[in-house]
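Data from entry.txt: compact mmCIF, C-alpha atoms
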# COMPACT_ATOMS: atom_id res chain seq x y z
CA MET O 1198 -17.79 43.51 -21.21
CA GLU O 1199 -15.44 42.89 -18.32
CA THR O 1200 -12.74 44.98 -19.99
CA ALA O 1201 -15.23 47.82 -20.33
CA ILE O 1202 -15.95 47.70 -16.58
CA VAL O 1203 -12.20 47.70 -15.84
CA TYR O 1204 -11.80 50.79 -17.99
CA PHE O 1205 -14.76 52.42 -16.26
CA PHE O 1206 -13.17 51.86 -12.83
CA ALA O 1207 -9.81 53.06 -14.16
CA ALA O 1208 -11.37 56.28 -15.48
CA THR O 1209 -13.16 56.85 -12.17
CA ALA O 1210 -9.91 56.33 -10.25
CA LEU O 1211 -8.02 58.75 -12.48
CA ALA O 1212 -10.75 61.43 -12.39
CA SER O 1213 -11.08 61.40 -8.61
CA ALA O 1214 -7.29 61.38 -8.19
CA MET O 1215 -6.98 64.43 -10.44
CA SER O 1216 -9.73 66.20 -8.51
CA MET O 1217 -7.64 65.72 -5.35
CA LEU O 1218 -5.27 68.34 -6.73
CA PHE O 1219 -7.93 71.05 -6.98
CA LEU O 1220 -10.45 70.49 -4.20
CA ARG O 1221 -10.23 73.06 -1.45
CA HIS O 1222 -11.36 71.43 1.76
CA PRO O 1223 -9.28 68.49 3.11
CA MET O 1224 -12.52 66.56 3.67
CA GLN O 1225 -13.34 66.78 -0.04
CA VAL O 1226 -9.81 65.58 -0.83
CA ALA O 1227 -10.28 62.66 1.58
CA LEU O 1228 -13.56 61.68 -0.06
CA ALA O 1229 -11.94 61.86 -3.52
CA LEU O 1230 -9.12 59.63 -2.27
CA ILE O 1231 -11.66 57.15 -0.88
CA ALA O 1232 -13.37 57.10 -4.30
CA THR O 1233 -9.99 56.40 -5.93
CA MET O 1234 -9.27 53.55 -3.53
CA LEU O 1235 -12.70 51.99 -4.01
CA SER O 1236 -12.34 52.12 -7.81
CA LEU O 1237 -8.90 50.53 -7.52
CA ALA O 1238 -10.47 47.80 -5.37
CA GLY O 1239 -12.97 47.28 -8.19
CA VAL O 1240 -10.11 46.96 -10.67
CA TYR O 1241 -8.36 44.41 -8.44
CA ALA O 1242 -11.56 42.41 -8.05
CA LEU O 1243 -12.10 42.37 -11.82
CA LEU O 1244 -8.49 41.25 -12.35
CA GLY O 1245 -9.30 38.26 -10.13
CA VAL O 1246 -7.04 39.28 -7.23
CA HIS O 1247 -9.79 39.08 -4.65
CA VAL O 1248 -7.60 39.04 -1.55
CA ILE O 1249 -6.01 42.38 -2.37
CA ALA O 1250 -9.40 43.89 -3.28
CA ILE O 1251 -10.82 42.87 0.10
CA PHE O 1252 -7.81 44.19 2.02
CA GLN O 1253 -7.81 47.41 0.00
CA VAL O 1254 -11.33 48.12 1.25
CA LEU O 1255 -10.72 46.85 4.78
CA ILE O 1256 -7.32 48.39 5.53
CA TYR O 1257 -7.16 51.49 3.35
CA VAL O 1258 -10.76 52.67 3.31
CA GLY O 1259 -11.79 51.07 6.59
CA ALA O 1260 -8.81 51.97 8.76
CA VAL O 1261 -6.41 54.49 7.23
CA MET O 1262 -8.93 56.82 5.60
CA VAL O 1263 -11.38 56.69 8.53
CA PHE O 1264 -8.50 57.74 10.78
CA MET O 1265 -7.67 60.53 8.33
CA VAL O 1266 -11.29 61.72 8.24
CA TYR O 1267 -11.42 61.81 12.04
CA VAL O 1268 -8.26 63.93 12.15
CA ILE O 1269 -9.68 66.32 9.52
CA MET O 1270 -12.82 66.75 11.63
CA LEU O 1271 -10.65 67.24 14.72
CA LEU O 1272 -8.47 69.92 13.11
CA ASN O 1273 -10.98 72.17 11.42
CA VAL O 1274 -8.41 74.91 10.91
CA ARG O 1275 -9.32 77.72 8.53
CA ASP O 1276 -5.82 79.00 7.81
CA ARG O 1277 -3.78 80.19 4.88
CA SER O 1278 -3.73 76.75 3.30
CA PHE O 1279 -7.52 77.06 2.99
CA THR O 1280 -7.67 80.43 1.24
CA GLN O 1281 -4.53 79.85 -0.82
CA ARG O 1282 -4.48 76.23 -1.89
CA PHE O 1283 -1.28 76.08 -3.92
CA SER O 1284 2.32 76.70 -2.93
CA LEU O 1285 4.87 78.66 -4.92
CA TRP O 1286 5.83 75.45 -6.70
CA LEU O 1287 2.57 75.31 -8.65
CA LEU O 1288 3.91 76.05 -12.13
CA PRO O 1289 7.21 74.07 -11.90
CA GLY O 1290 5.33 71.20 -10.29
CA ILE O 1291 2.77 70.95 -13.08
CA VAL O 1292 5.41 71.26 -15.82
CA ALA O 1293 7.52 68.54 -14.16
CA ALA O 1294 4.45 66.31 -13.75
CA VAL O 1295 3.49 66.59 -17.43
CA LEU O 1296 7.07 65.85 -18.52
CA LEU O 1297 7.29 62.88 -16.12
CA VAL O 1298 4.04 61.39 -17.43
CA VAL O 1299 5.16 61.79 -21.05
CA VAL O 1300 8.57 60.18 -20.42
CA LEU O 1301 7.25 57.28 -18.33
CA VAL O 1302 4.31 56.44 -20.60
CA ARG O 1303 6.51 56.56 -23.69
CA ALA O 1304 9.03 54.26 -22.03
CA LEU O 1305 6.15 51.97 -21.06
CA TRP O 1306 4.75 51.87 -24.59
CA ASN O 1307 8.11 51.24 -26.23
CA SER O 1308 9.33 48.45 -23.96
CA MET O 1309 6.33 46.38 -23.07
CA PRO O 1310 7.23 42.76 -22.53
CA LEU O 1311 4.86 40.13 -23.80
CA PHE O 1312 3.03 38.14 -21.19
CA ALA O 1313 0.98 35.04 -21.56
CA ASP O 1314 -2.63 35.05 -20.48
CA PRO O 1315 -2.96 33.96 -16.89
CA ILE O 1316 -4.21 30.40 -16.99
CA SER O 1317 -6.34 30.47 -13.89
CA PHE O 1318 -7.21 32.96 -11.20
CA ALA O 1319 -7.29 30.25 -8.53
CA ARG O 1320 -3.93 31.35 -7.11
CA PHE O 1321 -5.45 34.56 -5.78
CA SER O 1322 -8.56 33.07 -4.22
CA LEU O 1323 -8.68 33.57 -0.48
CA GLY O 1324 -8.00 29.98 0.53
CA MET O 1325 -5.10 29.23 -1.80
CA PHE O 1326 -3.52 32.60 -1.27
CA SER O 1327 -3.67 32.26 2.52
CA VAL O 1328 -2.06 28.82 2.44
CA ALA O 1329 0.71 30.03 0.11
CA PHE O 1330 1.17 33.17 2.17
CA LEU O 1331 1.59 31.43 5.49
CA ASP O 1332 3.61 28.56 4.02
CA GLU O 1333 6.25 30.64 2.26
CA TYR O 1334 6.05 34.11 3.77
CA TRP O 1335 5.41 33.45 7.47
CA LEU O 1336 8.66 35.18 8.42
CA HIS O 1337 7.60 38.36 6.58
CA PHE O 1338 4.23 38.15 8.30
CA GLU O 1339 5.91 38.09 11.71
CA LEU O 1340 8.29 40.90 10.71
CA ILE O 1341 5.47 43.23 9.66
CA SER O 1342 3.78 42.65 13.01
CA VAL O 1343 7.06 43.75 14.64
CA LEU O 1344 6.99 46.82 12.35
CA LEU O 1345 3.45 47.64 13.48
CA VAL O 1346 4.43 47.36 17.14
CA ALA O 1347 7.41 49.64 16.49
CA ALA O 1348 5.10 52.17 14.80
CA VAL O 1349 2.71 52.15 17.77
CA VAL O 1350 5.61 52.66 20.19
CA ALA O 1351 6.94 55.50 18.02
CA ALA O 1352 3.52 57.19 17.95
CA LEU O 1353 3.30 56.97 21.76
CA ALA O 1354 6.83 58.40 22.03
CA VAL O 1355 5.88 61.33 19.78
CA ILE O 1356 2.85 62.10 21.93
CA HIS O 1357 4.96 61.79 25.08
CA VAL O 1358 7.56 64.26 23.74
CA GLY O 1359 4.76 66.69 22.82
CA ARG O 1360 3.28 66.51 26.34
CA ARG O 1361 6.66 67.04 28.01
CA SER O 1362 7.56 70.05 25.85
CA ARG O 1363 4.24 71.65 26.75
CA GLY O 1364 5.17 71.34 30.39
CA MET R 1234 -0.61 32.73 -26.78
CA TRP R 1235 -1.69 36.28 -26.11
CA ASP R 1236 -4.16 38.50 -27.85
CA GLY R 1237 -4.18 42.21 -28.36
CA ALA R 1238 -7.00 43.10 -26.02
CA VAL R 1239 -5.29 41.61 -22.96
CA VAL R 1240 -1.99 43.37 -23.63
CA ASP R 1241 -3.85 46.61 -24.17
CA GLU R 1242 -5.57 46.23 -20.84
CA LEU R 1243 -2.18 45.62 -19.20
CA ARG R 1244 -0.75 48.73 -20.80
CA ILE R 1245 -3.74 50.84 -19.82
CA LEU R 1246 -3.50 49.69 -16.20
CA LEU R 1247 0.25 50.42 -16.03
CA ALA R 1248 -0.31 53.84 -17.61
CA LEU R 1249 -3.00 54.43 -14.98
CA ALA R 1250 -0.47 53.51 -12.28
CA VAL R 1251 2.00 56.03 -13.75
CA ALA R 1252 -0.70 58.73 -13.90
CA LEU R 1253 -1.82 58.12 -10.32
CA PHE R 1254 1.78 58.17 -9.03
CA VAL R 1255 2.58 61.43 -10.82
CA THR R 1256 -0.69 62.94 -9.58
CA GLY R 1257 0.26 62.09 -6.02
CA LEU R 1258 3.76 63.50 -6.49
CA THR R 1259 2.33 66.71 -7.95
CA GLY R 1260 -0.04 66.98 -5.02
CA VAL R 1261 2.84 66.72 -2.54
CA VAL R 1262 4.76 69.42 -4.42
CA VAL R 1263 1.89 71.77 -5.22
CA ARG R 1264 -0.47 71.82 -2.24
CA ARG R 1265 0.08 73.71 1.02
CA ASN R 1266 -2.04 71.73 3.44
CA ALA R 1267 -0.15 69.12 5.47
CA LEU R 1268 -3.06 66.67 5.58
CA VAL R 1269 -3.62 66.94 1.83
CA MET R 1270 0.07 66.21 1.28
CA LEU R 1271 -0.22 63.09 3.46
CA MET R 1272 -3.20 61.93 1.43
CA CYS R 1273 -1.28 62.48 -1.80
CA MET R 1274 1.48 60.24 -0.42
CA GLU R 1275 -1.18 57.59 0.19
CA LEU R 1276 -2.20 58.00 -3.44
CA MET R 1277 1.40 57.33 -4.53
CA LEU R 1278 1.44 54.11 -2.47
CA ASN R 1279 -1.84 53.10 -4.13
CA ALA R 1280 -0.33 53.64 -7.59
CA VAL R 1281 2.61 51.38 -6.75
CA ASN R 1282 0.14 48.79 -5.45
CA LEU R 1283 -1.76 48.92 -8.73
CA SER R 1284 1.36 48.19 -10.79
CA LEU R 1285 2.37 45.37 -8.41
CA VAL R 1286 -1.07 43.77 -8.59
CA THR R 1287 -1.15 44.05 -12.37
CA PHE R 1288 2.22 42.35 -12.78
CA ALA R 1289 1.44 39.73 -10.13
CA GLN R 1290 -1.77 38.78 -11.88
CA ARG R 1291 -0.13 38.73 -15.30
CA LEU R 1292 2.88 36.68 -14.17
CA ASP R 1293 0.69 34.47 -11.97
CA SER R 1294 2.95 34.87 -8.94
CA THR R 1295 2.10 35.11 -5.27
CA ALA R 1296 5.11 37.25 -4.37
CA GLY R 1297 3.69 40.45 -5.87
CA ALA R 1298 0.45 40.13 -3.93
CA VAL R 1299 2.38 39.47 -0.72
CA LEU R 1300 4.42 42.61 -1.37
CA VAL R 1301 1.16 44.56 -1.72
CA LEU R 1302 0.08 43.30 1.71
CA LEU R 1303 3.39 44.49 3.16
CA ILE R 1304 2.83 47.91 1.57
CA PHE R 1305 -0.60 48.06 3.23
CA VAL R 1306 1.07 47.60 6.60
CA VAL R 1307 3.76 50.18 5.80
CA ALA R 1308 1.03 52.69 4.82
CA ALA R 1309 -0.83 52.06 8.07
CA ALA R 1310 2.37 52.51 10.10
CA GLU R 1311 3.23 55.69 8.18
CA ILE R 1312 -0.18 57.21 8.89
CA ALA R 1313 0.00 56.13 12.54
CA ILE R 1314 3.26 58.06 12.99
CA ALA R 1315 2.52 61.02 10.70
CA ILE R 1316 -0.83 61.96 12.22
CA PRO R 1317 0.49 62.49 15.80
CA ILE R 1318 3.32 64.62 14.38
CA VAL R 1319 0.80 66.76 12.47
CA LEU R 1320 -1.34 67.06 15.61
CA LEU R 1321 1.67 68.27 17.62
CA LEU R 1322 2.63 70.80 14.92
CA VAL R 1323 -0.92 72.17 14.77
CA ARG R 1324 -1.13 72.39 18.54
CA ARG R 1325 2.03 74.49 18.55
CA ARG R 1326 1.35 76.97 15.70
CA HIS R 1327 -2.38 76.57 14.99
CA THR R 1328 -1.93 76.15 11.25
CA LEU R 1329 -1.75 73.33 8.70
CA ASP R 1330 0.11 75.49 6.19
CA LEU R 1331 3.55 73.93 5.81
CA ASP R 1332 5.09 77.27 4.81
CA ALA R 1333 4.57 78.36 8.42
CA TYR R 1334 7.14 75.73 9.43
CA ALA R 1335 9.86 76.95 7.08
CA ASP R 1336 12.07 77.85 10.06
CA LEU R 1337 12.48 74.25 11.22
CA LYS R 1338 16.08 73.18 11.68
CA GLY R 1339 17.78 69.79 11.35
Since I need it in another form, could you write the structure as C-alpha cells?
Amino acid sequence: METAIVYFFAATALASAMSMLFLRHPMQVALALIATMLSLAGVYALLGVHVIAIFQVLIYVGAVMVFMVYVIMLLNVRDRSFTQRFSLWLLPGIVAAVLLVVVLVRALWNSMPLFADPISFARFSLGMFSVAFLDEYWLHFELISVLLVAAVVAALAVIHVGRRSRG
Amino acid sequence: MWDGAVVDELRILLALAVALFVTGLTGVVVRRNALVMLMCMELMLNAVNLSLVTFAQRLDSTAGAVLVLLIFVVAAAEIAIAIPIVLLLVRRRHTLDLDAYADLKG
C-alpha cells in the first residue's frame, strides 16, 4: 500500500515536471513546479525522512516559489518568449535529453548496489536529526549562514549597480 | 536481508531523479523565457535532492540529509541573486526572451 502511494507521488512529480516543458505562461510553469515539489515532499515523508519533507515545503514552496510567483506577477511581459516558447535548440535538446535518459537509466539498472533494509526510521525524526545535525555539523550550519549573508549583500550590490547605471 | 520490492522502489526513485534532472536540463536548453529557465534549474536541484534523500534513507546516514539542507540554502541564495539580475535585465530591454541578450560581452 505504502509503495503504491510512493509510486503515485512519483508519477505526479514526473508528469508535472514534464508539463513544465510545454506550458506557455510562466505562472503555469511555476504552479507545475510547485506541484512537483509537493509530490517530492510526499515521497520524502513516505520514505520516513520527515525533516527534509517539512523543509521542502517550508523553504522551497513557502519561500523560493512564492518569491518566484511574486516576480512573475511583477513582470507580466508579453514578449517573444510568450508567443514563441522554444528556442532554436528544441530538436537537439530533445534528442540529447532522450539519449541522456537512456544512458543514465541503463547504467543505473546494470550497476545497482544491494542495500539492506533500513532498520529504523528514527534517525530522521525531527528530534534525533536536530541533535545529530547540531552535534556534528554545527560548523556547516554556521558556514551556510555566512553564505546567506553573502547572497543578501550580493543582491543589494546588484540592485545598487542597476540604480547607478540608470543615473 | 533485502527483498525485491524494496530494491525496485529504490531503482524507481533513482530513475525518477534521473528523469527529473534531464527534464530540468532540457527546459534550460529548450525554453526562451528567463524565468522558466530559472525554474528548470530549481527542478534540477530538486532531482539531486531526491537522489540524496533516497541514498541517505537507504544507507541510514545523517550526512546525506544534511547535504540536502545545504542544497536548500544554496537554492535560496541562487534565487535571491538571480531574481534581481533578471529584474535589471527586464528594466533595461523590456523582454524576458534571452535571445534578446545575445550581444552581451564577457
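If you measure from each of O:Trp1306, O:Phe1321, O:Phe1206, O:Trp1286 to R:Arg1244 using only C-alpha atoms, the closest one turns out to be O:Trp1306.
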Would you list the contacts of R:Met1274 as an NGL selection string, taking every protein, DNA or RNA residue within 10 Å and counting only C-alpha atoms, but skipping same-chain residues closer than 5 positions in sequence? :R and (1254 or 1256-1261 or 1268-1269 or 1279-1280 or 1308 or 1311-1312)
Select all residues from chain R having any atom no more than 8 Å from an atom of chain O (counting all atoms listed in the file, ignoring ligands), output as a PyMOL selection string. chain R and resi 1234-1235+1239-1240+1242+1244+1246-1249+1251-1253+1255-1260+1262-1266+1268-1269+1272-1273+1276+1279+1283+1286-1287+1290-1295+1298-1299+1301-1303+1305-1306+1309-1314+1316-1318+1321+1327-1330
Calculate how many Å separate atom CA of O:Leu1235 from atom CA of O:Ser1322, rounding to one decimal.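 Computed distance, atom CA of O:Leu1235 to atom CA of O:Ser1322, equals 19.4 Å.
Picture a line from atom CA of R:Leu1337 to atom CA of R:Leu1322; it runs 11.1 Å.
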Taken to one decimal, the atom CA of R:Ala1250-atom CA of O:Val1258 distance is 18.7 Å
